[in-house]
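J.: Below is the file work-v2.pdb, with PDB, N, CA and C atoms, pLDDT in the B column.
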ATOM      1  N   MET V   1      -9.353   7.549  20.832  1.00 65.00           N
ATOM      2  CA  MET V   1      -9.815   7.877  19.494  1.00 65.00           C
ATOM      3  C   MET V   1      -8.921   8.967  18.909  1.00 65.00           C
ATOM      4  N   VAL V   2      -8.659   8.875  17.635  1.00 62.00           N
ATOM      5  CA  VAL V   2      -7.815   9.843  16.943  1.00 62.00           C
ATOM      6  C   VAL V   2      -8.715  10.780  16.155  1.00 62.00           C
ATOM      7  N   GLU V   3      -8.485  12.082  16.335  1.00 66.00           N
ATOM      8  CA  GLU V   3      -9.244  13.075  15.582  1.00 66.00           C
ATOM      9  C   GLU V   3      -8.682  13.173  14.169  1.00 66.00           C
ATOM     10  N   LEU V   4      -9.548  13.083  13.175  1.00 63.00           N
ATOM     11  CA  LEU V   4      -9.117  13.184  11.784  1.00 63.00           C
ATOM     12  C   LEU V   4      -9.016  14.647  11.390  1.00 63.00           C
ATOM     13  N   VAL V   5      -7.839  15.038  10.919  1.00 63.00           N
ATOM     14  CA  VAL V   5      -7.607  16.406  10.459  1.00 63.00           C
ATOM     15  C   VAL V   5      -6.862  16.352   9.144  1.00 63.00           C
ATOM     16  N   PRO V   6      -7.015  17.387   8.307  1.00 72.00           N
ATOM     17  CA  PRO V   6      -6.279  17.397   7.050  1.00 72.00           C
ATOM     18  C   PRO V   6      -4.777  17.469   7.312  1.00 72.00           C
ATOM     19  N   GLY V   7      -4.008  16.876   6.445  1.00 82.00           N
ATOM     20  CA  GLY V   7      -2.554  16.944   6.579  1.00 82.00           C
ATOM     21  C   GLY V   7      -1.915  15.570   6.543  1.00 82.00           C
ATOM     22  N   ARG V   8      -0.658  15.557   6.860  1.00 88.00           N
ATOM     23  CA  ARG V   8       0.123  14.320   6.823  1.00 88.00           C
ATOM     24  C   ARG V   8      -0.219  13.391   7.982  1.00 88.00           C
ATOM     25  N   ILE V   9       0.021  12.104   7.765  1.00 90.00           N
ATOM     26  CA  ILE V   9      -0.150  11.123   8.831  1.00 90.00           C
ATOM     27  C   ILE V   9       1.039  11.283   9.781  1.00 90.00           C
ATOM     28  N   PRO V  10       0.781  11.590  11.048  1.00 92.00           N
ATOM     29  CA  PRO V  10       1.885  11.801  11.988  1.00 92.00           C
ATOM     30  C   PRO V  10       2.704  10.533  12.230  1.00 92.00           C
ATOM     31  N   TRP V  11       4.007  10.723  12.431  1.00 94.00           N
ATOM     32  CA  TRP V  11       4.919   9.619  12.705  1.00 94.00           C
ATOM     33  C   TRP V  11       4.438   8.827  13.924  1.00 94.00           C
ATOM     34  N   ARG V  12       3.940   9.524  14.942  1.00 96.00           N
ATOM     35  CA  ARG V  12       3.511   8.838  16.175  1.00 96.00           C
ATOM     36  C   ARG V  12       2.376   7.856  15.921  1.00 96.00           C
ATOM     37  N   LEU V  13       1.526   8.131  14.943  1.00 95.00           N
ATOM     38  CA  LEU V  13       0.446   7.192  14.639  1.00 95.00           C
ATOM     39  C   LEU V  13       0.968   5.963  13.903  1.00 95.00           C
ATOM     40  N   ILE V  14       1.950   6.167  13.028  1.00 97.00           N
ATOM     41  CA  ILE V  14       2.591   5.028  12.359  1.00 97.00           C
ATOM     42  C   ILE V  14       3.302   4.178  13.413  1.00 97.00           C
ATOM     43  N   ASP V  15       3.989   4.847  14.340  1.00 98.00           N
ATOM     44  CA  ASP V  15       4.699   4.154  15.406  1.00 98.00           C
ATOM     45  C   ASP V  15       3.730   3.378  16.297  1.00 98.00           C
ATOM     46  N   ARG V  16       2.599   3.981  16.633  1.00 97.00           N
ATOM     47  CA  ARG V  16       1.597   3.308  17.469  1.00 97.00           C
ATOM     48  C   ARG V  16       1.049   2.068  16.771  1.00 97.00           C
ATOM     49  N   PHE V  17       0.750   2.186  15.475  1.00 97.00           N
ATOM     50  CA  PHE V  17       0.263   1.051  14.695  1.00 97.00           C
ATOM     51  C   PHE V  17       1.304  -0.072  14.707  1.00 97.00           C
ATOM     52  N   ALA V  18       2.567   0.308  14.436  1.00 98.00           N
ATOM     53  CA  ALA V  18       3.638  -0.687  14.392  1.00 98.00           C
ATOM     54  C   ALA V  18       3.799  -1.382  15.745  1.00 98.00           C
ATOM     55  N   ALA V  19       3.737  -0.617  16.820  1.00 98.00           N
ATOM     56  CA  ALA V  19       3.888  -1.208  18.160  1.00 98.00           C
ATOM     57  C   ALA V  19       2.759  -2.201  18.434  1.00 98.00           C
ATOM     58  N   ARG V  20       1.561  -1.841  18.038  1.00 98.00           N
ATOM     59  CA  ARG V  20       0.412  -2.726  18.281  1.00 98.00           C
ATOM     60  C   ARG V  20       0.587  -4.061  17.571  1.00 98.00           C
ATOM     61  N   TYR V  21       1.156  -4.039  16.375  1.00 98.00           N
ATOM     62  CA  TYR V  21       1.274  -5.264  15.577  1.00 98.00           C
ATOM     63  C   TYR V  21       2.680  -5.860  15.583  1.00 98.00           C
ATOM     64  N   GLY V  22       3.540  -5.370  16.463  1.00 98.00           N
ATOM     65  CA  GLY V  22       4.867  -5.962  16.620  1.00 98.00           C
ATOM     66  C   GLY V  22       5.799  -5.736  15.436  1.00 98.00           C
ATOM     67  N   ILE V  23       5.631  -4.628  14.750  1.00 98.00           N
ATOM     68  CA  ILE V  23       6.461  -4.320  13.592  1.00 98.00           C
ATOM     69  C   ILE V  23       7.650  -3.491  14.084  1.00 98.00           C
ATOM     70  N   VAL V  24       8.851  -4.037  13.935  1.00 98.00           N
ATOM     71  CA  VAL V  24      10.055  -3.377  14.455  1.00 98.00           C
ATOM     72  C   VAL V  24      11.188  -3.455  13.428  1.00 98.00           C
ATOM     73  N   GLY V  25      12.247  -2.700  13.703  1.00 98.00           N
ATOM     74  CA  GLY V  25      13.461  -2.768  12.896  1.00 98.00           C
ATOM     75  C   GLY V  25      13.237  -2.389  11.441  1.00 98.00           C
ATOM     76  N   GLU V  26      13.804  -3.202  10.564  1.00 98.00           N
ATOM     77  CA  GLU V  26      13.702  -2.938   9.123  1.00 98.00           C
ATOM     78  C   GLU V  26      12.255  -2.970   8.645  1.00 98.00           C
ATOM     79  N   GLU V  27      11.447  -3.815   9.257  1.00 98.00           N
ATOM     80  CA  GLU V  27      10.035  -3.864   8.867  1.00 98.00           C
ATOM     81  C   GLU V  27       9.339  -2.541   9.196  1.00 98.00           C
ATOM     82  N   PHE V  28       9.687  -1.944  10.348  1.00 98.00           N
ATOM     83  CA  PHE V  28       9.113  -0.640  10.683  1.00 98.00           C
ATOM     84  C   PHE V  28       9.580   0.417   9.684  1.00 98.00           C
ATOM     85  N   GLU V  29      10.858   0.408   9.355  1.00 98.00           N
ATOM     86  CA  GLU V  29      11.378   1.387   8.394  1.00 98.00           C
ATOM     87  C   GLU V  29      10.662   1.252   7.051  1.00 98.00           C
ATOM     88  N   PHE V  30      10.425   0.016   6.624  1.00 98.00           N
ATOM     89  CA  PHE V  30       9.695  -0.227   5.374  1.00 98.00           C
ATOM     90  C   PHE V  30       8.265   0.299   5.479  1.00 98.00           C
ATOM     91  N   LEU V  31       7.587  -0.019   6.583  1.00 98.00           N
ATOM     92  CA  LEU V  31       6.228   0.470   6.802  1.00 98.00           C
ATOM     93  C   LEU V  31       6.194   1.991   6.754  1.00 98.00           C
ATOM     94  N   HIS V  32       7.116   2.632   7.447  1.00 97.00           N
ATOM     95  CA  HIS V  32       7.159   4.090   7.481  1.00 97.00           C
ATOM     96  C   HIS V  32       7.358   4.658   6.076  1.00 97.00           C
ATOM     97  N   GLU V  33       8.252   4.074   5.314  1.00 97.00           N
ATOM     98  CA  GLU V  33       8.512   4.546   3.945  1.00 97.00           C
ATOM     99  C   GLU V  33       7.271   4.390   3.063  1.00 97.00           C
ATOM    100  N   ILE V  34       6.619   3.258   3.143  1.00 97.00           N
ATOM    101  CA  ILE V  34       5.421   3.018   2.322  1.00 97.00           C
ATOM    102  C   ILE V  34       4.304   3.974   2.703  1.00 97.00           C
ATOM    103  N   VAL V  35       4.060   4.129   3.993  1.00 96.00           N
ATOM    104  CA  VAL V  35       2.998   5.034   4.436  1.00 96.00           C
ATOM    105  C   VAL V  35       3.318   6.465   4.002  1.00 96.00           C
ATOM    106  N   THR V  36       4.576   6.870   4.131  1.00 95.00           N
ATOM    107  CA  THR V  36       4.977   8.216   3.719  1.00 95.00           C
ATOM    108  C   THR V  36       4.759   8.420   2.223  1.00 95.00           C
ATOM    109  N   GLN V  37       5.117   7.434   1.414  1.00 96.00           N
ATOM    110  CA  GLN V  37       4.909   7.549  -0.031  1.00 96.00           C
ATOM    111  C   GLN V  37       3.424   7.620  -0.378  1.00 96.00           C
ATOM    112  N   LEU V  38       2.623   6.796   0.268  1.00 94.00           N
ATOM    113  CA  LEU V  38       1.174   6.850   0.032  1.00 94.00           C
ATOM    114  C   LEU V  38       0.597   8.189   0.485  1.00 94.00           C
ATOM    115  N   ASP V  39       1.094   8.685   1.593  1.00 93.00           N
ATOM    116  CA  ASP V  39       0.643   9.977   2.090  1.00 93.00           C
ATOM    117  C   ASP V  39       1.010  11.093   1.102  1.00 93.00           C
ATOM    118  N   ASP V  40       2.208  11.025   0.526  1.00 93.00           N
ATOM    119  CA  ASP V  40       2.617  12.006  -0.495  1.00 93.00           C
ATOM    120  C   ASP V  40       1.643  11.986  -1.668  1.00 93.00           C
ATOM    121  N   GLU V  41       1.263  10.799  -2.097  1.00 93.00           N
ATOM    122  CA  GLU V  41       0.314  10.676  -3.214  1.00 93.00           C
ATOM    123  C   GLU V  41      -1.050  11.244  -2.836  1.00 93.00           C
ATOM    124  N   ARG V  42      -1.480  10.962  -1.622  1.00 90.00           N
ATOM    125  CA  ARG V  42      -2.773  11.480  -1.153  1.00 90.00           C
ATOM    126  C   ARG V  42      -2.755  12.997  -1.097  1.00 90.00           C
ATOM    127  N   MET V  43      -1.672  13.569  -0.601  1.00 89.00           N
ATOM    128  CA  MET V  43      -1.568  15.031  -0.525  1.00 89.00           C
ATOM    129  C   MET V  43      -1.560  15.651  -1.921  1.00 89.00           C
ATOM    130  N   ALA V  44      -0.880  15.037  -2.863  1.00 91.00           N
ATOM    131  CA  ALA V  44      -0.863  15.539  -4.243  1.00 91.00           C
ATOM    132  C   ALA V  44      -2.261  15.471  -4.846  1.00 91.00           C
ATOM    133  N   TRP V  45      -2.976  14.382  -4.582  1.00 89.00           N
ATOM    134  CA  TRP V  45      -4.340  14.233  -5.081  1.00 89.00           C
ATOM    135  C   TRP V  45      -5.246  15.317  -4.495  1.00 89.00           C
ATOM    136  N   LYS V  46      -5.095  15.579  -3.183  1.00 86.00           N
ATOM    137  CA  LYS V  46      -5.905  16.613  -2.539  1.00 86.00           C
ATOM    138  C   LYS V  46      -5.619  17.987  -3.148  1.00 86.00           C
ATOM    139  N   ARG V  47      -4.335  18.267  -3.456  1.00 86.00           N
ATOM    140  CA  ARG V  47      -3.990  19.543  -4.098  1.00 86.00           C
ATOM    141  C   ARG V  47      -4.644  19.641  -5.472  1.00 86.00           C
ATOM    142  N   GLU V  48      -4.608  18.548  -6.235  1.00 88.00           N
ATOM    143  CA  GLU V  48      -5.240  18.536  -7.560  1.00 88.00           C
ATOM    144  C   GLU V  48      -6.747  18.779  -7.448  1.00 88.00           C
ATOM    145  N   GLN V  49      -7.375  18.146  -6.468  1.00 84.00           N
ATOM    146  CA  GLN V  49      -8.807  18.322  -6.275  1.00 84.00           C
ATOM    147  C   GLN V  49      -9.120  19.778  -5.956  1.00 84.00           C
ATOM    148  N   GLY V  50      -8.308  20.399  -5.121  1.00 81.00           N
ATOM    149  CA  GLY V  50      -8.501  21.790  -4.767  1.00 81.00           C
ATOM    150  C   GLY V  50      -8.308  22.718  -5.963  1.00 81.00           C
ATOM    151  N   ALA V  51      -7.325  22.407  -6.819  1.00 82.00           N
ATOM    152  CA  ALA V  51      -7.060  23.225  -7.990  1.00 82.00           C
ATOM    153  C   ALA V  51      -8.208  23.117  -8.998  1.00 82.00           C
ATOM    154  N   GLN V  52      -8.793  21.946  -9.107  1.00 81.00           N
ATOM    155  CA  GLN V  52      -9.905  21.750 -10.040  1.00 81.00           C
ATOM    156  C   GLN V  52     -11.161  22.474  -9.565  1.00 81.00           C
ATOM    157  N   GLU V  53     -11.332  22.563  -8.255  1.00 75.00           N
ATOM    158  CA  GLU V  53     -12.515  23.236  -7.707  1.00 75.00           C
ATOM    159  C   GLU V  53     -12.367  24.753  -7.770  1.00 75.00           C
ATOM    160  N   GLY V  54     -11.115  25.240  -7.703  1.00 64.00           N
ATOM    161  CA  GLY V  54     -10.866  26.687  -7.647  1.00 64.00           C
ATOM    162  C   GLY V  54     -10.761  27.271  -8.965  1.00 64.00           C
TER     163      GLY V  54
END
Could you express the structure from this file as structure tokens?

T.:
Amino acid sequence: MVELVPGRIPWRLIDRFAARYGIVGEEFEFLHEIVTQLDDERMAWKREQGAQEG
């Protein structure tokens, strides 16, 4: 089980997901890029939420 904590999605978890589903090579690089971009958006949203509350 993975403990959920605030912050970025660790590379090792993306790698573990990819290994489980046989995602390698260019497909892995694409997956990593997409997850990283989505994570950037999530982090920006969390910052906005914090600024609105403060």

J.: Just asking: which residues within chain V are alpha helix (DSSP H) according to DSSP, as a PyMOL selection string?

T.: chain V and resi 11-20+25-53

J.: Would you mind telling me which residue in V:Ala19, V:Ile9, V:Ala51, V:Val24 lies nearest to Thr36 of chain V when using all atoms listed in the file?

T.: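 Selected residue with least distance to Thr36 of chain V: V:Ile9.
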
J.: Have a look at atom C of Trp45 of chain V and atom C of Ala18 of chain V and let me know their distance in Å, one decimal.

T.: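 Between these atoms lies a distance of 27.8 Å.
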
J.: One number please: atom N of Gly7 of chain V to atom C of Ile23 of chain V, in Å, one decimal.

T.: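 It comes out at 24.7 Å.
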
J.: State, in Å with one decimal place, the distance from atom C of Glu26 of chain V to atom N of Met43 of chain V.

T.: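 Separation between atom C of Glu26 of chain V and atom N of Met43 of chain V: 23.5 Å.
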
J.: Quick one: of V:Ala44, V:Arg8, V:Gly50, V:Ile14, who's nearest to Leu31 of chain V, counting only N, CA and C atoms?

T.: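 For Leu31 of chain V, the nearest of the given residues is V:Ile14.
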
J.: Once 4 Å is added on each side, what are the centre and the three edge lengths, in Å to one decimal, of the axis-aligned box enclosing the listed atoms of segment 46-54 of chain V? Present them as JSON.

T.:
{"center_x": -8.3, "center_y": 21.4, "center_z": -6.3, "size_x": 16.5, "size_y": 19.7, "size_z": 15.5}
